[in-house]
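As provided, model30.cif (mmCIF, C-alpha atoms and all ligand atoms) reads as follows.
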data_input
#
loop_
_atom_site.label_atom_id
_atom_site.label_comp_id
_atom_site.auth_asym_id
_atom_site.auth_seq_id
_atom_site.Cartn_x
_atom_site.Cartn_y
_atom_site.Cartn_z
CA MET W 1 -77.18 145.89 170.86
CA ARG W 2 -76.96 148.93 173.10
CA TYR W 3 -73.38 149.62 172.04
CA ARG W 4 -71.69 149.64 168.66
CA LYS W 5 -68.02 150.53 169.15
CA LEU W 6 -66.00 148.77 171.84
CA ILE W 7 -62.46 149.04 173.10
CA VAL W 8 -61.42 145.64 174.47
CA THR W 9 -58.25 145.76 176.56
CA GLY W 10 -56.37 142.48 176.94
CA GLY W 11 -58.20 141.14 173.88
CA ALA W 12 -55.17 139.00 172.94
CA GLY W 13 -55.29 137.22 176.32
CA PHE W 14 -57.09 134.05 177.33
CA ILE W 15 -60.54 135.37 178.32
CA GLY W 16 -60.45 138.63 176.34
CA SER W 17 -59.78 136.76 173.09
CA GLU W 18 -62.75 134.44 173.72
CA PHE W 19 -64.92 137.54 174.14
CA VAL W 20 -63.56 139.04 170.89
CA ARG W 21 -64.06 135.75 168.99
CA GLN W 22 -67.68 135.59 170.20
CA ASN W 23 -68.45 139.23 169.43
CA ALA W 24 -66.32 140.35 166.47
CA SER W 25 -69.34 140.33 164.15
CA LYS W 26 -71.65 142.07 166.63
CA TYR W 27 -69.54 145.11 167.50
CA LYS W 28 -66.84 147.23 165.92
CA ILE W 29 -64.00 146.13 168.21
CA ALA W 30 -60.63 147.78 168.82
CA VAL W 31 -58.31 145.49 170.78
CA VAL W 32 -55.75 147.25 172.99
CA ASP W 33 -53.05 144.88 174.20
CA LYS W 34 -49.39 145.26 175.13
CA ILE W 35 -48.71 141.61 174.17
CA THR W 36 -46.87 140.60 177.31
CA TYR W 37 -45.66 137.01 177.66
CA ALA W 38 -49.36 136.09 178.18
CA GLY W 39 -50.72 137.87 175.10
CA ASP W 40 -50.83 136.31 171.64
CA ILE W 41 -52.62 137.65 168.60
CA LYS W 42 -52.88 134.08 167.20
CA ARG W 43 -55.78 133.63 169.57
CA LEU W 44 -57.71 135.97 167.28
CA ALA W 45 -56.81 134.23 164.00
CA GLU W 46 -60.37 133.01 163.38
CA VAL W 47 -61.69 136.60 163.44
CA ALA W 48 -58.77 138.15 161.54
CA GLY W 49 -59.81 141.31 159.70
CA LYS W 50 -62.87 141.79 161.91
CA TYR W 51 -61.22 143.95 164.57
CA SER W 52 -58.61 146.68 164.76
CA PHE W 53 -55.53 146.29 166.91
CA TYR W 54 -53.35 148.60 168.99
CA LYS W 55 -50.19 147.17 170.52
CA THR W 56 -50.38 149.56 173.44
CA ASP W 57 -49.66 149.55 177.16
CA ILE W 58 -52.74 150.59 179.14
CA CYS W 59 -50.43 152.50 181.49
CA ASP W 60 -49.35 154.84 178.68
CA ALA W 61 -51.87 157.68 179.10
CA ARG W 62 -50.78 159.52 175.96
CA LYS W 63 -51.20 156.49 173.71
CA ILE W 64 -54.47 155.48 175.37
CA GLU W 65 -55.80 159.01 174.79
CA ALA W 66 -54.89 158.69 171.10
CA VAL W 67 -56.73 155.36 170.83
CA PHE W 68 -59.88 156.77 172.46
CA LYS W 69 -59.72 159.86 170.24
CA LYS W 70 -59.50 157.74 167.11
CA GLU W 71 -61.94 154.97 168.02
CA LYS W 72 -64.59 157.05 169.86
CA PRO W 73 -65.85 153.96 171.72
CA ASP W 74 -69.36 153.68 173.20
CA ALA W 75 -68.06 151.16 175.71
CA VAL W 76 -64.89 149.63 177.15
CA ALA W 77 -64.47 146.01 178.21
CA HIS W 78 -61.36 145.97 180.39
CA PHE W 79 -59.69 142.54 180.61
CA ALA W 80 -56.00 143.58 180.47
CA ALA W 81 -54.08 142.57 183.58
CA GLU W 82 -51.19 140.64 184.94
CA SER W 83 -53.09 137.54 185.93
CA HIS W 84 -50.88 134.90 187.52
CA VAL W 85 -50.84 134.67 191.33
CA ASP W 86 -47.46 132.88 191.53
CA ARG W 87 -45.76 135.61 189.50
CA SER W 88 -47.25 138.26 191.80
CA ILE W 89 -45.66 136.45 194.75
CA ASP W 90 -42.27 136.59 192.99
CA ASP W 91 -42.60 140.27 192.07
CA ALA W 92 -45.66 142.42 192.79
CA SER W 93 -44.50 145.59 191.02
CA VAL W 94 -45.83 144.98 187.50
CA PHE W 95 -49.14 143.84 189.05
CA MET W 96 -49.56 147.16 190.80
CA THR W 97 -48.56 149.10 187.68
CA THR W 98 -50.72 147.33 185.12
CA ASN W 99 -53.68 146.32 187.26
CA VAL W 100 -54.03 149.51 189.30
CA ILE W 101 -52.38 152.37 187.37
CA GLY W 102 -53.45 150.90 184.02
CA THR W 103 -57.06 150.78 185.21
CA GLN W 104 -56.86 154.38 186.42
CA VAL W 105 -55.50 155.51 183.03
CA LEU W 106 -58.40 153.80 181.26
CA LEU W 107 -60.97 155.21 183.68
CA ASP W 108 -59.66 158.73 183.06
CA ALA W 109 -59.86 158.23 179.30
CA ALA W 110 -63.36 156.75 179.60
CA LYS W 111 -64.45 159.74 181.71
CA LYS W 112 -62.95 162.28 179.33
CA HIS W 113 -64.50 160.65 176.28
CA LYS W 114 -67.84 160.10 178.03
CA VAL W 115 -68.11 156.38 177.27
CA LYS W 116 -71.56 155.00 177.95
CA ARG W 117 -70.28 151.88 179.72
CA PHE W 118 -67.03 150.78 181.37
CA LEU W 119 -67.02 147.05 182.10
CA HIS W 120 -64.29 146.00 184.50
CA VAL W 121 -63.25 142.35 184.67
CA SER W 122 -62.49 141.51 188.29
CA THR W 123 -62.08 138.26 190.20
CA ASP W 124 -63.54 136.22 193.05
CA GLU W 125 -60.11 136.54 194.70
CA VAL W 126 -60.95 140.07 195.89
CA TYR W 127 -63.11 138.46 198.61
CA GLY W 128 -60.31 136.22 199.92
CA ASP W 129 -61.11 132.62 200.78
CA ILE W 130 -64.14 131.07 202.48
CA ILE W 131 -64.39 127.73 204.26
CA LYS W 132 -68.18 127.34 204.07
CA GLY W 133 -70.93 129.10 202.14
CA THR W 134 -70.52 131.60 199.31
CA PHE W 135 -69.58 135.23 198.74
CA SER W 136 -72.23 137.68 197.57
CA GLU W 137 -71.44 140.92 195.76
CA ASN W 138 -71.75 142.70 199.13
CA SER W 139 -69.19 140.53 200.95
CA PRO W 140 -66.25 142.56 202.26
CA PHE W 141 -62.97 142.51 200.35
CA SER W 142 -60.16 140.55 201.97
CA PRO W 143 -57.59 139.79 199.23
CA ASN W 144 -54.61 137.65 200.16
CA SER W 145 -52.07 137.56 197.31
CA PRO W 146 -50.40 140.60 195.70
CA TYR W 147 -52.41 139.73 192.54
CA ALA W 148 -55.68 139.74 194.47
CA VAL W 149 -54.78 143.02 196.18
CA SER W 150 -54.05 144.67 192.83
CA LYS W 151 -57.40 143.47 191.47
CA ALA W 152 -59.24 144.61 194.61
CA ALA W 153 -57.65 148.06 194.32
CA ALA W 154 -58.70 148.30 190.66
CA ASP W 155 -62.22 147.08 191.47
CA MET W 156 -62.58 149.75 194.19
CA LEU W 157 -61.19 152.43 191.91
CA VAL W 158 -63.80 151.56 189.29
CA SER W 159 -66.57 151.91 191.92
CA ALA W 160 -65.06 155.20 193.08
CA TYR W 161 -65.24 156.61 189.52
CA HIS W 162 -68.93 155.72 189.48
CA ARG W 163 -69.66 157.36 192.80
CA THR W 164 -67.37 160.37 192.38
CA TYR W 165 -67.78 161.19 188.69
CA GLY W 166 -70.92 159.27 187.75
CA LEU W 167 -68.96 157.13 185.27
CA PRO W 168 -71.34 154.38 184.06
CA VAL W 169 -69.40 151.32 185.22
CA VAL W 170 -70.26 147.65 185.69
CA ILE W 171 -68.02 145.06 187.37
CA MET W 172 -67.77 141.34 186.79
CA ARG W 173 -66.16 139.13 189.47
CA ALA W 174 -65.42 135.77 187.91
CA SER W 175 -64.23 132.48 189.38
CA ASN W 176 -61.35 130.38 187.96
CA ASN W 177 -61.60 130.09 184.20
CA TYR W 178 -60.37 127.20 182.11
CA GLY W 179 -60.57 126.25 178.44
CA PRO W 180 -58.63 126.46 175.17
CA TRP W 181 -55.87 129.07 174.69
CA GLN W 182 -54.98 129.53 178.38
CA PHE W 183 -51.29 130.30 178.85
CA PRO W 184 -49.62 127.06 179.99
CA GLU W 185 -48.61 128.33 183.43
CA LYS W 186 -52.04 127.89 185.06
CA LEU W 187 -53.10 124.67 186.76
CA ILE W 188 -55.15 122.90 184.08
CA PRO W 189 -52.85 123.50 181.07
CA VAL W 190 -49.72 122.78 183.15
CA ILE W 191 -51.14 119.41 184.19
CA ILE W 192 -52.18 118.55 180.64
CA MET W 193 -48.85 119.58 179.11
CA ASN W 194 -46.74 117.74 181.69
CA ALA W 195 -48.87 114.62 181.53
CA LEU W 196 -48.66 114.56 177.72
CA LYS W 197 -44.87 114.52 178.07
CA ASN W 198 -45.06 111.90 180.89
CA LYS W 199 -43.48 114.49 183.21
CA ARG W 200 -44.35 114.82 186.91
CA VAL W 201 -47.42 116.98 187.53
CA PRO W 202 -46.93 119.41 190.42
CA VAL W 203 -49.75 119.75 192.97
CA TYR W 204 -49.51 122.25 195.82
CA ALA W 205 -49.55 120.70 199.35
CA LYS W 206 -52.11 117.86 199.35
CA GLY W 207 -54.22 119.30 196.54
CA LEU W 208 -57.17 120.00 198.82
CA ASN W 209 -57.69 123.64 197.82
CA VAL W 210 -61.07 124.14 196.18
CA ARG W 211 -61.75 126.26 193.10
CA GLU W 212 -64.99 126.96 191.25
CA TRP W 213 -64.28 126.16 187.61
CA LEU W 214 -65.89 128.27 184.91
CA TYR W 215 -65.58 127.38 181.23
CA VAL W 216 -64.15 130.37 179.37
CA ALA W 217 -66.93 130.47 176.74
CA ASP W 218 -69.51 130.75 179.55
CA CYS W 219 -67.47 133.53 181.17
CA ALA W 220 -67.36 135.52 177.92
CA LYS W 221 -71.14 135.15 177.59
CA ALA W 222 -71.52 136.55 181.10
CA VAL W 223 -69.39 139.53 180.04
CA SER W 224 -71.79 140.13 177.13
CA ALA W 225 -74.85 139.89 179.42
CA ILE W 226 -73.36 142.34 181.93
CA LEU W 227 -72.20 144.69 179.18
CA GLU W 228 -75.61 144.85 177.54
CA LYS W 229 -78.01 144.44 180.47
CA GLY W 230 -76.09 145.18 183.68
CA GLU W 231 -77.13 148.12 185.84
CA ASP W 232 -74.75 151.08 186.19
CA GLY W 233 -72.65 150.94 189.35
CA GLN W 234 -73.40 147.25 190.00
CA ALA W 235 -71.04 144.29 190.42
CA TYR W 236 -71.99 140.76 189.34
CA ASN W 237 -70.46 137.51 190.56
CA VAL W 238 -69.89 134.99 187.78
CA GLY W 239 -69.32 131.44 188.93
CA SER W 240 -70.36 127.98 187.82
CA GLY W 241 -71.18 126.29 191.13
CA MET W 242 -68.80 123.54 189.97
CA GLU W 243 -66.44 123.27 192.91
CA LYS W 244 -63.53 120.88 192.69
CA LYS W 245 -60.53 120.06 194.83
CA ASN W 246 -57.31 120.57 192.84
CA ILE W 247 -56.35 116.93 193.31
CA ASP W 248 -59.64 115.80 191.74
CA VAL W 249 -59.09 118.09 188.76
CA VAL W 250 -55.60 116.64 188.32
CA ARG W 251 -56.86 113.04 188.59
CA GLY W 252 -59.62 113.83 186.06
CA ILE W 253 -57.06 115.10 183.56
CA LEU W 254 -54.75 112.10 184.04
CA TYR W 255 -57.71 109.77 183.59
CA ALA W 256 -58.82 111.58 180.40
CA LEU W 257 -55.30 111.23 179.00
CA GLY W 258 -54.91 107.61 180.10
CA LYS W 259 -51.95 108.54 182.34
CA PRO W 260 -51.16 107.02 185.75
CA ASP W 261 -51.72 108.83 189.09
CA ARG W 262 -48.07 108.19 189.92
CA LEU W 263 -47.17 111.21 187.79
CA ILE W 264 -48.57 113.37 190.61
CA GLU W 265 -45.91 115.13 192.65
CA PHE W 266 -46.98 116.98 195.78
CA VAL W 267 -44.91 120.16 196.10
CA LYS W 268 -44.44 122.82 198.80
CA ASP W 269 -47.61 124.90 199.14
CA ARG W 270 -47.97 128.37 197.62
CA PRO W 271 -47.40 130.98 200.35
CA GLY W 272 -50.71 132.36 201.63
CA HIS W 273 -52.62 129.88 199.45
CA ASP W 274 -56.38 130.56 199.52
CA ILE W 275 -58.24 127.44 200.63
CA ARG W 276 -61.55 127.77 198.86
CA TYR W 277 -63.40 130.24 196.67
CA ALA W 278 -67.15 130.03 196.09
CA LEU W 279 -69.54 132.61 194.68
CA SER W 280 -73.26 133.17 194.99
CA VAL W 281 -74.54 133.82 191.46
CA ALA W 282 -78.14 134.56 192.50
CA LYS W 283 -77.88 138.17 191.31
CA ILE W 284 -76.73 137.53 187.73
CA ARG W 285 -79.15 134.61 187.41
CA GLN W 286 -82.16 136.62 188.56
CA LYS W 287 -81.37 140.00 187.06
CA LEU W 288 -79.60 139.08 183.81
CA ARG W 289 -80.78 135.46 183.29
CA TRP W 290 -77.21 134.20 182.86
CA LYS W 291 -76.16 130.74 183.97
CA ALA W 292 -73.02 128.72 183.25
CA GLY W 293 -74.02 126.24 180.56
CA THR W 294 -71.00 123.93 180.43
CA ALA W 295 -70.72 121.02 182.84
CA PHE W 296 -67.19 120.56 184.22
CA ALA W 297 -66.71 117.12 182.65
CA GLU W 298 -67.73 118.47 179.24
CA GLY W 299 -65.55 121.58 179.53
CA LEU W 300 -62.56 119.58 180.73
CA LYS W 301 -62.89 117.15 177.83
CA LYS W 302 -63.00 120.01 175.31
CA THR W 303 -59.99 121.60 177.00
CA VAL W 304 -57.91 118.41 177.10
CA ASP W 305 -58.75 117.69 173.44
CA TRP W 306 -57.72 121.23 172.48
CA TYR W 307 -54.33 121.02 174.21
CA VAL W 308 -53.66 117.60 172.73
CA LYS W 309 -54.19 119.12 169.27
CA ASN W 310 -52.31 122.36 169.95
CA THR W 311 -48.98 121.32 171.45
CA LYS W 312 -47.20 123.47 168.83
CA TRP W 313 -48.85 126.59 170.19
CA THR W 314 -48.05 125.79 173.82
CA SER W 315 -44.43 124.92 172.98
CA ARG W 316 -44.04 128.15 171.01
CA VAL W 317 -45.48 130.50 173.65
CA LEU W 318 -43.45 128.83 176.38
CA ALA W 319 -40.26 129.06 174.31
CA GLU W 320 -40.90 132.73 173.55
CA GLU W 321 -41.54 133.47 177.20
CA LYS W 322 -38.28 131.77 178.17
CA LYS W 323 -36.29 133.53 175.47
CA THR W 324 -37.52 137.08 175.99
CA GLY W 325 -38.54 137.02 179.65
CA ARG W 326 -41.22 139.43 178.55
CA SER W 327 -43.01 139.08 181.87
CA LYS W 328 -40.46 140.92 183.93
N1 LIG W 401 -58.12 133.49 184.23
C1 LIG W 401 -58.94 133.46 185.26
O1 LIG W 401 -59.21 132.40 185.84
C2 LIG W 401 -59.58 134.74 185.76
C3 LIG W 401 -60.59 134.66 186.72
C4 LIG W 401 -61.19 135.84 187.15
C5 LIG W 401 -60.81 137.06 186.62
N2 LIG W 401 -59.80 137.10 185.71
C6 LIG W 401 -59.44 138.41 185.15
O2 LIG W 401 -59.79 138.36 183.78
C7 LIG W 401 -58.92 139.18 183.02
C8 LIG W 401 -58.31 138.39 181.89
O3 LIG W 401 -57.61 137.26 182.45
P1 LIG W 401 -56.86 136.23 181.52
O4 LIG W 401 -56.81 134.94 182.25
O5 LIG W 401 -57.42 136.28 180.15
O6 LIG W 401 -55.40 136.86 181.52
P2 LIG W 401 -54.20 136.66 180.51
O7 LIG W 401 -52.97 136.80 181.34
O8 LIG W 401 -54.38 135.45 179.67
O9 LIG W 401 -54.33 137.91 179.52
C9 LIG W 401 -54.04 139.21 179.91
C10 LIG W 401 -53.87 140.06 178.64
O10 LIG W 401 -53.61 141.40 179.06
C11 LIG W 401 -52.51 141.90 178.30
N3 LIG W 401 -51.79 142.89 179.12
C12 LIG W 401 -51.09 142.68 180.26
N4 LIG W 401 -50.55 143.83 180.70
C13 LIG W 401 -50.95 144.80 179.83
C14 LIG W 401 -50.72 146.20 179.74
N5 LIG W 401 -49.97 146.84 180.65
N6 LIG W 401 -51.29 146.88 178.74
C15 LIG W 401 -52.04 146.24 177.80
N7 LIG W 401 -52.27 144.92 177.81
C16 LIG W 401 -51.72 144.21 178.82
C17 LIG W 401 -51.65 140.67 178.01
O11 LIG W 401 -50.79 140.89 176.90
C18 LIG W 401 -52.70 139.61 177.76
O12 LIG W 401 -53.09 139.59 176.41
C19 LIG W 401 -57.90 139.73 184.01
O13 LIG W 401 -58.31 141.03 184.39
C20 LIG W 401 -57.97 138.77 185.19
O14 LIG W 401 -57.61 139.40 186.38
C21 LIG W 401 -59.18 135.97 185.25
#
Show me the file's structure as C-alpha cells.
Ligand SMILES: NC(=O)c1ccc[n+]([C@@H]2O[C@H](COP(=O)([O-])OP(=O)(O)OC[C@H]3O[C@@H](n4cnc5c(N)ncnc54)[C@H](O)[C@@H]3O)[C@@H](O)[C@H]2O)c1
Amino acid sequence: MRYRKLIVTGGAGFIGSEFVRQNASKYKIAVVDKITYAGDIKRLAEVAGKYSFYKTDICDARKIEAVFKKEKPDAVAHFAAESHVDRSIDDASVFMTTNVIGTQVLLDAAKKHKVKRFLHVSTDEVYGDIIKGTFSENSPFSPNSPYAVSKAAADMLVSAYHRTYGLPVVIMRASNNYGPWQFPEKLIPVIIMNALKNKRVPVYAKGLNVREWLYVADCAKAVSAILEKGEDGQAYNVGSGMEKKNIDVVRGILYALGKPDRLIEFVKDRPGHDIRYALSVAKIRQKLRWKAGTAFAEGLKKTVDWYVKNTKWTSRVLAEEKKTGRSK
C-alpha cells in the first residue's frame, strides 16, 4: 500500500461505504460525512470499530481543518456529494454548495496539509449524453442537469488545483452504479421496492434512455486501483460496457421478482433527460489493469436479493427522510 491514513468523505453513502467496507483493514480510515438524508452509518456496521468517524459538513472549513490536523492523512478519497439528478432539478442550491464549495474546502485542506493523493469521485454525466460511440477522458464536458454541472465544476476545480498548485490529484469518472445499500430513490431500488409492494413502477417517457450499469463492488475496486496506481493529474473513466435501456432493466427486475409487466407506468419524462451515457474504459484497463468483473445479470440478482431481505432498512431510511426532510 502506498498510503496508510485515508480521509474518506461520504463514507456513509452508497459507494463510499462499499469502499470503506472493502478497505477498512487495509488503511487507517477516517470517515467524514454530514449524514444527509442519503447517509447512514448502518452501512458500515460490518466494519464497526475499524474506522473513525466525523459527523462533519465538508463545507465547514474550520471543522475540516480540525479533522485534517488530527488525522494527518496521506490521502483523501472524496465521495461526498448530493447525488440525485431529480433533486437537483427541484433545487440546485445544495448541489452547488456541497459539490462545488465542499470540494474547494477539501482541496484547500489537502493542499495545506500536503496530502500525497487527492482522489476525486466524478461521474460520466460531466460529458453529457452521446447517441453513438463512447466518451474518452479527453472528451469535452457538456453537462446537462444541475447535478452534472456541479460535478463538472468540481472535477475542473480538482484539475485546476493540480495545474496551479501541483496538488497530486486523480479523478475517477464512473457510470451508473447499482447494488446493495443504495438509497431507495434511484431507479433500481425504486423499481424493486415498488414491485415488492405490488405498486406501479414509474418509468420516464418510454424507458428508452440507456445507462451503463456498474456494480458498486466493482466501482469501489476501481477507486482502490486509481488511488494506489493512478498517475497524478490523470482522470480515469470507470464503466462496465453493460449498456441497458431503462425499460429492459425494469422488465428484468419484474421478471426476477415474478411480478407482471402491467405494474409498469410510463410517466412524464425528466426535463433535459440525457439519452445515453457510454464510456471508453481503454485507459484504466491498459494502465491500471482494472475491469468490471460482475455481469449485469449476476449483479442485478444480488441486488434484488439484498433488497428483498432488507425491506426494514429501506422503510426506515425512507420514513426518516420524510419525517426530517433532511435533504432540503
Ligand atoms: N451513484 C452513482 O451511480 C454514481 C455514479 C457516478 C459517480 N457518482 C459519485 O459518487 C459519489 C458517491 O455517490 P453515492 O451514490 O454513494 O451518493 P450517496 O448520495 O449515496 O452518498 C453521498 C454521501 O455524502 C454525504 N454528504 C452529502 N453532503 C455532504 C456534506 N455537505 N458534507 C459531508 N458529507 C456529505 C451523504 O451524507 C452521503 O453519505 C458522489 O460524488 C457521486 O457524484 C455516483
Handout entry: Radius query 9 Å about (-50.0, 145.8, 191.8), atoms used: only C-alpha atoms, as number ranges by chain
Key = W: 82, 88, 92-101, 146-151, 153
Quick one: axis-aligned box around all listed atoms of ligand LIG 401 (chain W), 3 Å on every side, centre and edge lengths in Å to one decimal, written as AutoDock Vina command-line options.
--center_x -55.6 --center_y 139.6 --center_z 181.8 --size_x 17.2 --size_y 20.5 --size_z 16.7
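Atom pair atom CA of Asn310 of chain W / atom CA of Met193 of chain W: separated by 10.2 Å.
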Sorted by chain and rising residue number, list the residues of chain W at most 6 Å from ligand LIG 401 (chain W) (counting all atoms listed in the file), each with its closest atom pair and distance in Å to one decimal, as a Markdown table.
| residue | atom | partner | partner_atom | distance |
| --- | --- | --- | --- | --- |
| W:Gly10 | CA | W:LIG401 | O10 | 3.6 |
| W:Gly11 | CA | W:LIG401 | O12 | 5.9 |
| W:Ala12 | CA | W:LIG401 | O12 | 4.1 |
| W:Gly13 | CA | W:LIG401 | O12 | 3.2 |
| W:Phe14 | CA | W:LIG401 | O5 | 3.6 |
| W:Ile15 | CA | W:LIG401 | O5 | 3.7 |
| W:Gly16 | CA | W:LIG401 | O5 | 5.4 |
| W:Asp33 | CA | W:LIG401 | N7 | 3.7 |
| W:Lys34 | CA | W:LIG401 | C15 | 3.9 |
| W:Ile35 | CA | W:LIG401 | O11 | 3.5 |
| W:Thr36 | CA | W:LIG401 | O11 | 4.0 |
| W:Ala38 | CA | W:LIG401 | O7 | 4.8 |
| W:Gly39 | CA | W:LIG401 | O12 | 3.2 |
| W:Thr56 | CA | W:LIG401 | C15 | 5.7 |
| W:Asp57 | CA | W:LIG401 | N6 | 3.5 |
| W:Ile58 | CA | W:LIG401 | N6 | 4.0 |
| W:Cys59 | CA | W:LIG401 | N5 | 5.7 |
| W:Phe79 | CA | W:LIG401 | C7 | 4.2 |
| W:Ala80 | CA | W:LIG401 | O10 | 3.5 |
| W:Ala81 | CA | W:LIG401 | C12 | 4.5 |
| W:Glu82 | CA | W:LIG401 | C12 | 5.1 |
| W:Ser83 | CA | W:LIG401 | O7 | 4.7 |
| W:Thr98 | CA | W:LIG401 | N5 | 4.6 |
| W:Val121 | CA | W:LIG401 | O13 | 5.1 |
| W:Ser122 | CA | W:LIG401 | C5 | 5.0 |
| W:Thr123 | CA | W:LIG401 | C5 | 4.0 |
| W:Ala174 | CA | W:LIG401 | C4 | 4.3 |
| W:Ser175 | CA | W:LIG401 | C3 | 5.0 |
| W:Asn176 | CA | W:LIG401 | O1 | 3.6 |
| W:Asn177 | CA | W:LIG401 | O1 | 3.7 |
Exercise for the section: Tell me which of W:Ala205, W:Ala195, W:Val223, W:Ile29 sits closest to Pro271 of chain W, counting all atoms listed in the file. Expected result: W:Ala205
Practice task
Determine the nearest neighbour of Gly239 of chain W from the options W:Phe135, W:Ile264, W:Ala154, W:Ser145, counting all atoms listed in the file.
Solution key: W:Phe135
Handout entry: Coordinates-based distance that separates atom CA of Arg289 of chain W from atom CA of Lys5 of chain W (Å, one decimal)
Key = 24.3 Å
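The coordinates place atom CA of Glu212 of chain W at 28.9 Å from atom CA of Glu46 of chain W.
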Exercise for the section: Check the smallest atom-to-atom distance from each of W:Ser139, W:Leu157, W:Gly166, W:Asn246 to Lys112 of chain W using all atoms listed in the file, then report the winner. Expected result: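 Checking each candidate against Lys112 of chain W, we get W:Gly166 as the closest.
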Fill in the blank from the handout: Residue with the minimum atom-to-atom distance to Ile7 of chain W, picked from W:Asp261, W:Asp155, W:Asp86, W:Glu71 with only C-alpha atoms counted, is W:Glu71
Exercise for the section: Considering all atoms listed in the file, return as a PyMOL selection string whatever protein or nucleic-acid residues lie within 6 Å of segment 226-232 of chain W, sequence-local ones (same chain, fewer than 3 positions apart) excluded. Expected result: chain W and resi 168-170+223
Exercise for the section: Would you be able to write out as a ChimeraX atom specification which residues have an atom within 12 Å of (-62.2, 127.4, 199.5) in the file's coordinates, counting all atoms listed in the file? Expected result: /W:124-125,127-135,175-176,207-212,243-246,273-279
Handout entry: Best match for closeness to Asp269 of chain W among W:Val115, W:Val281, W:Val8, W:Val203, counting all atoms listed in the file
Key = W:Val203
Exercise for the section: Could you tell me which of W:Val267, W:Tyr215, W:Ser280, W:Leu318 comes closest to Glu298 of chain W if we count only C-alpha atoms? Expected result: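 Residue with the minimum atom-to-atom distance to Glu298 of chain W: W:Tyr215.
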